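This is final_6.cif. It holds mmCIF, C-alpha atoms.
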```cif
data_work
#
loop_
_atom_site.group_PDB
_atom_site.id
_atom_site.type_symbol
_atom_site.label_atom_id
_atom_site.label_comp_id
_atom_site.auth_asym_id
_atom_site.auth_seq_id
_atom_site.Cartn_x
_atom_site.Cartn_y
_atom_site.Cartn_z
ATOM 1 C CA MET A 334 -22.954 10.835 -13.667
ATOM 2 C CA PRO A 335 -20.142 8.218 -13.571
ATOM 3 C CA HIS A 336 -20.914 7.131 -10.027
ATOM 4 C CA THR A 337 -24.455 6.092 -10.962
ATOM 5 C CA SER A 338 -23.605 4.380 -14.265
ATOM 6 C CA PRO A 339 -24.262 0.629 -14.439
ATOM 7 C CA ASP A 340 -21.341 0.268 -16.864
ATOM 8 C CA PRO A 341 -18.637 -1.759 -15.023
ATOM 9 C CA LEU A 342 -15.707 -0.469 -17.103
ATOM 10 C CA PRO A 343 -12.665 0.825 -15.183
ATOM 11 C CA THR A 344 -12.209 4.602 -14.926
ATOM 12 C CA ALA A 345 -10.287 6.157 -17.829
ATOM 13 C CA GLY A 346 -6.603 6.517 -17.022
ATOM 14 C CA VAL A 347 -6.498 3.459 -14.771
ATOM 15 C CA GLU A 348 -4.380 0.551 -16.027
ATOM 16 C CA SER A 349 -3.479 -2.961 -14.966
ATOM 17 C CA ALA A 350 -0.227 -3.203 -12.965
ATOM 18 C CA PRO A 351 1.004 -6.805 -13.187
ATOM 19 C CA GLN A 352 4.455 -5.752 -11.929
ATOM 20 C CA ILE A 353 2.813 -4.712 -8.652
ATOM 21 C CA ALA A 354 0.665 -7.842 -8.458
ATOM 22 C CA ALA A 355 3.899 -9.851 -8.795
ATOM 23 C CA LEU A 356 5.076 -8.452 -5.446
ATOM 24 C CA PHE A 357 2.435 -10.636 -3.775
ATOM 25 C CA ALA A 358 1.357 -14.268 -3.691
ATOM 26 C CA GLU A 359 -0.713 -15.761 -6.473
ATOM 27 C CA GLY A 360 -4.232 -14.356 -6.559
ATOM 28 C CA ALA A 361 -3.351 -10.671 -6.214
ATOM 29 C CA VAL A 362 -4.656 -8.178 -8.791
ATOM 30 C CA ALA A 363 -3.262 -4.642 -9.037
ATOM 31 C CA TYR A 364 -4.102 -1.451 -10.935
ATOM 32 C CA GLN A 365 -2.419 1.947 -11.075
ATOM 33 C CA THR A 366 -2.964 5.444 -12.450
ATOM 34 C CA ARG A 367 -0.762 8.434 -13.165
ATOM 35 C CA GLU A 368 -3.779 10.562 -14.044
ATOM 36 C CA SER A 369 -5.643 13.081 -11.908
ATOM 37 C CA ILE A 370 -8.887 11.184 -11.345
ATOM 38 C CA PRO A 371 -11.896 13.524 -10.974
ATOM 39 C CA ALA A 372 -14.034 13.595 -7.861
ATOM 40 C CA ASP A 373 -17.190 12.674 -9.762
ATOM 41 C CA THR A 374 -15.867 9.129 -10.215
ATOM 42 C CA LEU A 375 -16.427 8.571 -6.495
ATOM 43 C CA LEU A 376 -19.602 6.841 -5.399
ATOM 44 C CA PRO A 377 -21.791 8.775 -2.936
ATOM 45 C CA GLU A 378 -20.799 6.472 -0.062
ATOM 46 C CA GLU A 379 -17.147 7.400 -0.728
ATOM 47 C CA ALA A 380 -17.474 11.104 -1.560
ATOM 48 C CA GLN A 381 -18.806 11.918 1.914
ATOM 49 C CA PHE A 382 -15.350 11.241 3.371
ATOM 50 C CA VAL A 383 -13.617 13.986 1.347
ATOM 51 C CA GLN A 384 -16.295 16.679 1.301
ATOM 52 C CA ARG A 385 -14.013 19.165 3.093
ATOM 53 C CA ALA A 386 -10.682 17.893 1.741
ATOM 54 C CA VAL A 387 -8.282 19.944 -0.383
ATOM 55 C CA PRO A 388 -8.308 19.147 -4.141
ATOM 56 C CA ARG A 389 -5.081 17.134 -4.024
ATOM 57 C CA ARG A 390 -6.477 14.843 -1.326
ATOM 58 C CA VAL A 391 -9.737 14.426 -3.269
ATOM 59 C CA HIS A 392 -7.877 13.391 -6.432
ATOM 60 C CA GLU A 393 -5.694 10.937 -4.488
ATOM 61 C CA PHE A 394 -8.738 9.452 -2.796
ATOM 62 C CA ALA A 395 -10.574 9.154 -6.108
ATOM 63 C CA GLY A 396 -7.524 7.669 -7.822
ATOM 64 C CA GLY A 397 -7.057 5.027 -5.175
ATOM 65 C CA ARG A 398 -10.727 4.064 -5.265
ATOM 66 C CA ALA A 399 -10.694 3.929 -9.068
ATOM 67 C CA CYS A 400 -7.701 1.565 -9.027
ATOM 68 C CA ALA A 401 -9.264 -0.611 -6.340
ATOM 69 C CA ARG A 402 -12.586 -0.770 -8.170
ATOM 70 C CA ALA A 403 -10.853 -1.796 -11.403
ATOM 71 C CA ALA A 404 -9.044 -4.584 -9.545
ATOM 72 C CA LEU A 405 -12.297 -5.747 -7.953
ATOM 73 C CA LEU A 406 -13.955 -5.815 -11.364
ATOM 74 C CA GLN A 407 -11.240 -8.204 -12.539
ATOM 75 C CA LEU A 408 -12.088 -10.453 -9.593
ATOM 76 C CA GLY A 409 -15.730 -10.462 -10.702
ATOM 77 C CA TYR A 410 -17.179 -7.875 -8.325
ATOM 78 C CA GLY A 411 -19.558 -5.172 -9.498
ATOM 79 C CA ARG A 412 -19.213 -1.432 -9.084
ATOM 80 C CA VAL A 413 -18.942 -1.592 -5.296
ATOM 81 C CA ALA A 414 -18.396 1.381 -2.998
ATOM 82 C CA LEU A 415 -15.286 1.467 -0.782
ATOM 83 C CA PRO A 416 -16.018 3.723 2.197
ATOM 84 C CA MET A 417 -13.558 4.172 5.069
ATOM 85 C CA ASP A 418 -13.689 2.156 8.267
ATOM 86 C CA ALA A 419 -13.052 3.430 11.789
ATOM 87 C CA HIS A 420 -9.275 3.335 11.140
ATOM 88 C CA ARG A 421 -9.642 5.321 7.881
ATOM 89 C CA ALA A 422 -8.743 2.245 5.838
ATOM 90 C CA PRO A 423 -10.901 1.074 2.908
ATOM 91 C CA ARG A 424 -13.807 -1.172 3.850
ATOM 92 C CA TRP A 425 -13.567 -4.047 1.405
ATOM 93 C CA PRO A 426 -16.413 -6.310 0.284
ATOM 94 C CA PRO A 427 -16.863 -9.552 2.252
ATOM 95 C CA GLY A 428 -14.270 -12.130 1.252
ATOM 96 C CA VAL A 429 -11.810 -9.549 -0.099
ATOM 97 C CA THR A 430 -8.630 -7.990 1.257
ATOM 98 C CA GLY A 431 -6.716 -5.133 -0.297
ATOM 99 C CA SER A 432 -4.464 -2.114 0.056
ATOM 100 C CA ILE A 433 -4.344 1.344 -1.541
ATOM 101 C CA THR A 434 -1.352 3.682 -1.778
ATOM 102 C CA HIS A 435 -0.568 7.021 -3.378
ATOM 103 C CA THR A 436 2.146 9.629 -3.727
ATOM 104 C CA HIS A 437 2.533 12.753 -5.854
ATOM 105 C CA GLY A 438 0.781 12.103 -9.159
ATOM 106 C CA TYR A 439 0.453 8.355 -8.675
ATOM 107 C CA CYS A 440 -2.059 5.950 -7.114
ATOM 108 C CA ALA A 441 -2.195 2.152 -6.975
ATOM 109 C CA ALA A 442 -4.277 -0.573 -5.374
ATOM 110 C CA VAL A 443 -3.991 -4.325 -4.945
ATOM 111 C CA VAL A 444 -6.761 -6.747 -3.984
ATOM 112 C CA SER A 445 -7.230 -10.477 -3.521
ATOM 113 C CA GLN A 446 -9.815 -12.917 -2.355
ATOM 114 C CA ILE A 447 -9.169 -13.902 1.256
ATOM 115 C CA ALA A 448 -9.268 -17.529 0.162
ATOM 116 C CA HIS A 449 -5.903 -16.870 -1.532
ATOM 117 C CA ILE A 450 -4.328 -14.118 0.592
ATOM 118 C CA ARG A 451 -5.376 -13.196 4.129
ATOM 119 C CA ALA A 452 -3.958 -9.669 4.138
ATOM 120 C CA LEU A 453 -2.066 -7.263 1.877
ATOM 121 C CA GLY A 454 0.078 -4.184 2.416
ATOM 122 C CA LEU A 455 1.147 -1.909 -0.459
ATOM 123 C CA ASP A 456 3.200 1.289 -0.242
ATOM 124 C CA VAL A 457 4.821 3.711 -2.702
ATOM 125 C CA GLU A 458 7.307 6.527 -2.058
ATOM 126 C CA PRO A 459 9.527 8.775 -4.202
ATOM 127 C CA VAL A 460 12.939 7.074 -4.146
ATOM 128 C CA ASP A 461 14.617 9.993 -2.330
ATOM 129 C CA ALA A 462 11.793 10.791 0.107
ATOM 130 C CA VAL A 463 13.384 9.818 3.446
ATOM 131 C CA LYS A 464 16.144 12.319 4.185
ATOM 132 C CA PRO A 465 18.699 11.899 7.030
ATOM 133 C CA HIS A 466 16.950 14.288 9.440
ATOM 134 C CA LEU A 467 14.068 11.769 9.637
ATOM 135 C CA TRP A 468 16.101 8.651 10.279
ATOM 136 C CA ARG A 469 16.215 8.668 14.079
ATOM 137 C CA ARG A 470 12.406 8.616 14.196
ATOM 138 C CA ILE A 471 12.147 5.641 11.846
ATOM 139 C CA PHE A 472 15.109 3.285 12.276
ATOM 140 C CA THR A 473 16.664 1.170 15.001
ATOM 141 C CA ALA A 474 20.290 1.645 16.056
ATOM 142 C CA ALA A 475 21.358 -1.303 13.897
ATOM 143 C CA GLU A 476 19.484 0.052 10.875
ATOM 144 C CA LEU A 477 21.058 3.493 11.376
ATOM 145 C CA ALA A 478 24.510 1.961 11.567
ATOM 146 C CA ALA A 479 23.948 0.113 8.286
ATOM 147 C CA LEU A 480 22.739 3.283 6.548
ATOM 148 C CA ARG A 481 25.802 5.224 7.691
ATOM 149 C CA THR A 482 28.130 2.805 5.917
ATOM 150 C CA GLN A 483 26.683 3.876 2.555
ATOM 151 C CA ASP A 484 27.364 6.938 0.414
ATOM 152 C CA ALA A 485 24.870 9.787 0.767
ATOM 153 C CA ARG A 486 22.677 9.063 -2.249
ATOM 154 C CA THR A 487 22.564 5.301 -1.719
ATOM 155 C CA ALA A 488 21.763 5.792 1.954
ATOM 156 C CA VAL A 489 18.754 8.011 1.197
ATOM 157 C CA GLU A 490 17.444 5.504 -1.331
ATOM 158 C CA SER A 491 17.987 2.630 1.107
ATOM 159 C CA ALA A 492 16.279 4.578 3.891
ATOM 160 C CA THR A 493 13.284 5.236 1.660
ATOM 161 C CA LEU A 494 13.031 1.564 0.739
ATOM 162 C CA MET A 495 13.236 0.499 4.385
ATOM 163 C CA PHE A 496 10.621 3.069 5.410
ATOM 164 C CA SER A 497 8.295 1.916 2.635
ATOM 165 C CA ALA A 498 8.777 -1.723 3.636
ATOM 166 C CA LYS A 499 7.785 -0.867 7.208
ATOM 167 C CA GLU A 500 4.706 0.976 5.949
ATOM 168 C CA ALA A 501 3.651 -1.975 3.777
ATOM 169 C CA PHE A 502 4.096 -4.417 6.656
ATOM 170 C CA TYR A 503 2.163 -2.145 9.011
ATOM 171 C CA LYS A 504 -0.813 -2.045 6.623
ATOM 172 C CA CYS A 505 -0.721 -5.801 6.130
ATOM 173 C CA GLN A 506 -0.642 -6.764 9.808
ATOM 174 C CA HIS A 507 -3.137 -4.047 10.807
ATOM 175 C CA THR A 508 -5.740 -5.621 8.533
ATOM 176 C CA LEU A 509 -5.676 -8.738 10.719
ATOM 177 C CA THR A 510 -4.881 -7.358 14.164
ATOM 178 C CA GLY A 511 -5.810 -3.664 14.337
ATOM 179 C CA GLU A 512 -2.533 -3.200 16.234
ATOM 180 C CA TRP A 513 -0.659 0.104 16.049
ATOM 181 C CA LEU A 514 3.102 -0.271 15.598
ATOM 182 C CA GLY A 515 5.956 2.162 16.038
ATOM 183 C CA PHE A 516 8.652 2.227 13.362
ATOM 184 C CA CYS A 517 11.243 0.754 15.710
ATOM 185 C CA ASP A 518 8.995 -2.118 16.764
ATOM 186 C CA ILE A 519 10.195 -3.890 13.628
ATOM 187 C CA SER A 520 13.440 -4.153 11.661
ATOM 188 C CA VAL A 521 13.894 -4.487 7.907
ATOM 189 C CA SER A 522 16.729 -6.164 6.025
ATOM 190 C CA ILE A 523 16.960 -5.603 2.273
ATOM 191 C CA GLU A 524 17.901 -8.071 -0.447
ATOM 192 C CA ALA A 525 17.756 -7.838 -4.247
ATOM 193 C CA GLY A 526 14.072 -7.341 -5.003
ATOM 194 C CA ALA A 527 13.015 -8.612 -1.582
ATOM 195 C CA PHE A 528 13.095 -7.715 2.106
ATOM 196 C CA ARG A 529 12.525 -9.373 5.452
ATOM 197 C CA VAL A 530 10.682 -7.907 8.424
ATOM 198 C CA SER A 531 11.464 -9.106 11.942
ATOM 199 C CA ALA A 532 9.859 -8.095 15.234
ATOM 200 C CA ASN A 533 11.721 -6.240 17.997
ATOM 201 C CA GLN A 534 8.933 -6.921 20.473
ATOM 202 C CA MET A 535 5.938 -9.245 20.719
ATOM 203 C CA LEU A 536 3.427 -8.518 17.967
ATOM 204 C CA ARG A 537 -0.170 -9.720 17.775
ATOM 205 C CA ILE A 538 0.328 -10.947 14.218
ATOM 206 C CA ALA A 539 2.921 -13.422 15.538
ATOM 207 C CA GLU A 540 0.133 -15.327 17.315
ATOM 208 C CA SER A 541 -1.115 -16.567 13.927
ATOM 209 C CA ASP A 542 1.991 -16.038 11.773
ATOM 210 C CA PRO A 543 5.264 -16.131 13.727
ATOM 211 C CA GLY A 544 7.419 -14.436 11.096
ATOM 212 C CA PRO A 545 9.863 -13.206 10.078
ATOM 213 C CA TRP A 546 7.761 -11.831 7.237
ATOM 214 C CA GLN A 547 8.824 -11.576 3.640
ATOM 215 C CA GLY A 548 8.129 -8.761 1.201
ATOM 216 C CA ARG A 549 9.134 -7.683 -2.281
ATOM 217 C CA TRP A 550 9.993 -4.362 -3.869
ATOM 218 C CA LEU A 551 10.622 -2.669 -7.187
ATOM 219 C CA VAL A 552 11.669 0.749 -8.438
ATOM 220 C CA ASP A 553 9.705 2.298 -11.291
ATOM 221 C CA ALA A 554 9.738 5.846 -12.688
ATOM 222 C CA GLY A 555 11.517 7.277 -9.657
ATOM 223 C CA ARG A 556 9.281 5.534 -7.131
ATOM 224 C CA VAL A 557 9.925 2.609 -4.817
ATOM 225 C CA ILE A 558 6.977 0.252 -4.427
ATOM 226 C CA THR A 559 6.834 -2.341 -1.664
ATOM 227 C CA GLY A 560 4.452 -5.177 -0.947
ATOM 228 C CA VAL A 561 3.840 -7.601 1.934
ATOM 229 C CA CYS A 562 1.204 -10.299 2.137
ATOM 230 C CA ILE A 563 0.154 -13.070 4.472
ATOM 231 C CA ALA A 564 -1.057 -15.936 2.319
#
```
Representation of the structure as structure tokens:
Amino acid sequence: MPHTSPDPLPTAGVESAPQIAALFAEGAVAYQTRESIPADTLLPEEAQFVQRAVPRRVHEFAGGRACARAALLQLGYGRVALPMDAHRAPRWPPGVTGSITHTHGYCAAVVSQIAHIRALGLDVEPVDAVKPHLWRRIFTAAELAALRTQDARTAVESATLMFSAKEAFYKCQHTLTGEWLGFCDISVSIEAGAFRVSANQMLRIAESDPGPWQGRWLVDAGRVITGVCIA
């Protein structure tokens, strides 16, 4: 069975993603897959968390773990298990930080040694995922006003990018603080290939890193991918 094999080769269908690694500071390693990764690639410590899950969730879970394991192999780690912690996030090996993301038919993961990057947040969304009926739940009044100055298609794409940026920042800061954030607790401003996150209230992460926080983004194959790190 694959999950008991001593062979440290990455799972078939998983490939290096240097364009994703480039969203982060030096030291980040990223892998991605567009394949449906089978459940038997999961290690026993991981499989227990999706025993009752629907097939799509199992394949996403397996794909994310396969990408993360491939990235860890590049950093010199063996075939380590990545179970979930109490917050349902991956439990990384000591000295490592990382982030996993997935959407329809796509999974990716990024990892780094903590000596280089303290925390990472990675997110992916279909470029047209965040439709107008969702905006009031996600964006501040100023963000809504900016979206409404754009034509319909551009506004949806901008909204999706802003949502993804908030998700990536949430994952990044949660790694260090465990703090839950609402969407309107932060604001996002977009630039060419980059974005900035600013706080609308006092955040725990500001005690060690006062912000504003910088992130990067790219669009690939109809998906927007965002990344935030604290180096």
Shortest interatomic distance to Leu356 of chain A - which of A:Ala485, A:Val561, A:Ala501, A:Ile433, counting all atoms listed in the file: A:Val561
One-decimal distance in Å that lies between atom CA of Ser522 of chain A and atom CA of Gln547 of chain A: 9.9 Å
Out of A:Gly555, A:Gly511, A:Gly438, A:Gly397, which residue has the shortest atom-to-atom distance to Thr344 of chain A when counting only C-alpha atoms?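 Comparing A:Gly555, A:Gly511, A:Gly438, A:Gly397 against Thr344 of chain A, the winner is A:Gly397.
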Could you tell me which of A:Met495, A:Val443, A:Ile450, A:Leu376 comes closest to Pro416 of chain A if we count all atoms listed in the file? A:Leu376
Sorted per-residue table, segment 491-553 of chain A near segment 459-481 of chain A, closest atoms and distance, 7 Å, all atoms listed in the file, as a tab-separated table:
```
residue	atom	partner	partner_atom	distance
A:Ala492	CA	A:Val463	CA	6.0
A:Thr493	CA	A:Val463	CA	4.9
A:Phe516	CA	A:Ile471	CA	5.1
A:Cys517	CA	A:Thr473	CA	5.5
```
So which residues are close to (-2.9, -7.6, 5.9), meaning at most 9 Å away in the file's coordinates with all atoms listed in the file counted, and can you show them as a ChimeraX atom specification? /A:430-432,450-454,501-510,561-563
Coordinates-based distance that separates atom CA of Tyr364 of chain A from atom CA of Ala403 of chain A (Å, one decimal): 6.8 Å
To test your reading of the syntax: which residues would the PyMOL selection byres ((chain A and resi 361) around 8) return for the file shown? Reply as a PyMOL selection string. chain A and resi 354-355+357-360+362-363+443-446+450
Figure out the distance between atom CA of Glu379 of chain A and atom CA of Arg421 of chain A, please, to one decimal in Å.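 Interatomic distance, atom CA of Arg421 of chain A to atom CA of Glu379 of chain A: 11.6 Å.
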Neighbouring residues of Ile523 of chain A were defined as those with any atom within 12 Å, considering only C-alpha atoms; residues of the same chain fewer than 2 positions away were excluded. Please report them as a list in words. Glu476, Ala479, Leu480, Glu490, Ser491, Ala492, Thr493, Leu494, Met495, Phe496, Ser497, Ala498, Lys499, Ser520, Val521, Ala525, Gly526, Ala527, Phe528, Arg529, Val530, Ser531, Gln547, Gly548, Arg549, Trp550, Leu551 and Thr559 of chain A
Given only C-alpha atoms as the counted atoms, nearest of A:Ala442, A:Val391, A:Val413, A:Leu536 to Thr366 of chain A: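 Of A:Ala442, A:Val391, A:Val413, A:Leu536, the one nearest Thr366 of chain A, counting only C-alpha atoms, is A:Ala442.
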